[in-house]
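One structure is given below, encoded as structure tokens.
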Amino acid sequence: QVQLVESGGGSVQAGGSLRLSCAASGSIYRPVFMGWFRQAPGKEREGVAAIYTFGSSTYYADSVKGRFTISQDNVKYIIYLQMNSLKPEDTAMYYCAAAYRPISSRWYRIEEYNDWGQGTQVTVSS
């Protein structure tokens, strides 16, 4: 089991930017996929972006394409989510998650991930 710790959340105005970080530690098994999910009050958790950690493939929800970028630092075992042009509808708790199988087309499914962080809050005001 890997420990995941998110950071970088905060409050910004619409149009602003934030960069979230997810630091992974404690597991001898390297995750194959890392994902970012979010959950707004009263809504289900949804996939935002994911990255194949052994390559360069990335995946995005339609709602964030062109605005968010997921990346990784393989040396430090950190996953980033650069969020630009933020909108009020991006307001949510953001979670990172780790999967130990090549999930590819199923990257947005919560049940495909084994380990989860505690989340970091992002609030975008209009």
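Within each chain, counting starts at residue 1; across the structure tokens, chains are named A, B, ... in the order shown, with ligands numbered 1 upward in that order.
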
Which residues, written as a PyMOL selection string, have at least one atom at most 9 Å from range 116-118 of chain A, with only C-alpha atoms counted and residues fewer than 2 positions away on the same chain left out?
-> chain A and resi 2-6+22+94-98+113-114+120

Can you tell me, as a PDB file with C-alpha atoms, in the first residue's frame, what residues are no more than 10 Å from range 86-88 of chain A when counting only C-alpha atoms, ignoring any on the same chain fewer than 5 positions away?
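Result saved to out_36.pdb:
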ATOM      1  CA  VAL A  12      -8.696  31.457  -6.359  1.00  0.00           C
ATOM      2  CA  GLN A  13     -10.835  33.643  -8.558  1.00  0.00           C
ATOM      3  CA  ALA A  14     -12.217  32.407 -11.850  1.00  0.00           C
ATOM      4  CA  GLY A  15      -9.544  32.442 -14.522  1.00  0.00           C
ATOM      5  CA  GLY A  16      -6.792  31.783 -12.025  1.00  0.00           C
ATOM      6  CA  SER A  17      -4.416  28.835 -11.691  1.00  0.00           C
ATOM      7  CA  LEU A  18      -3.372  26.299  -9.106  1.00  0.00           C
ATOM      8  CA  VAL A  64     -10.862  19.903 -18.204  1.00  0.00           C
ATOM      9  CA  ARG A  67      -7.086  23.651 -19.119  1.00  0.00           C
ATOM     10  CA  PHE A  68      -5.547  20.989 -16.861  1.00  0.00           C
ATOM     11  CA  VAL A 122      -9.996  23.763  -4.396  1.00  0.00           C
ATOM     12  CA  THR A 123     -12.428  26.690  -4.328  1.00  0.00           C
ATOM     13  CA  VAL A 124     -12.963  28.926  -7.339  1.00  0.00           C
ATOM     14  CA  SER A 125     -14.987  32.090  -6.894  1.00  0.00           C
ATOM     15  CA  SER A 126     -16.697  34.005  -9.664  1.00  0.00           C
TER      16      SER A 126
END

Within 10 Å of Tyr52 in chain A, counting only C-alpha atoms, which residues show up once you throw out same-chain ones fewer than 6 positions away? Write them as a list in words, please.
-> Pro31, Val32, Phe33, Met34, Gly35, Thr58, Tyr59, Ser71, Gln72, Ala99, Arg101, Pro102, Ile103, Ser104 and Trp107 of chain A

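The residue that comes closest to Tyr80 in chain A, out of A:Arg109, A:Arg30, A:Arg19, A:Lys65 and on the basis of only C-alpha atoms, is A:Arg19.
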
Best match for closeness to Arg38 in chain A among A:Arg106, A:Gly9, A:Val75, A:Gln1, counting only C-alpha atoms = A:Gly9

Selection near Gln121 in chain A, 9 Å with only C-alpha atoms, sequence-local residues under 5 positions removed, as JSON, numbers by chain = {"A": [7, 8, 9, 10, 11, 91, 92, 93, 94, 95]}

Identify all residues of range 73-118 of chain A in strand (DSSP E or B) (DSSP on the backbone) and supply them as a list in words.
->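 Matching residues for strand (DSSP E or B) in range 73-118 of chain A are Asp73, Ile78, Ile79, Tyr80, Leu81, Gln82, Met83, Ala92, Met93, Tyr94, Tyr95, Cys96, Ala97, Ala98, Ala99, Asp115 and Trp116 of chain A.
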
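Note that CA of Ser56 in chain A and CA of Ser25 in chain A are 20.9 Å apart.
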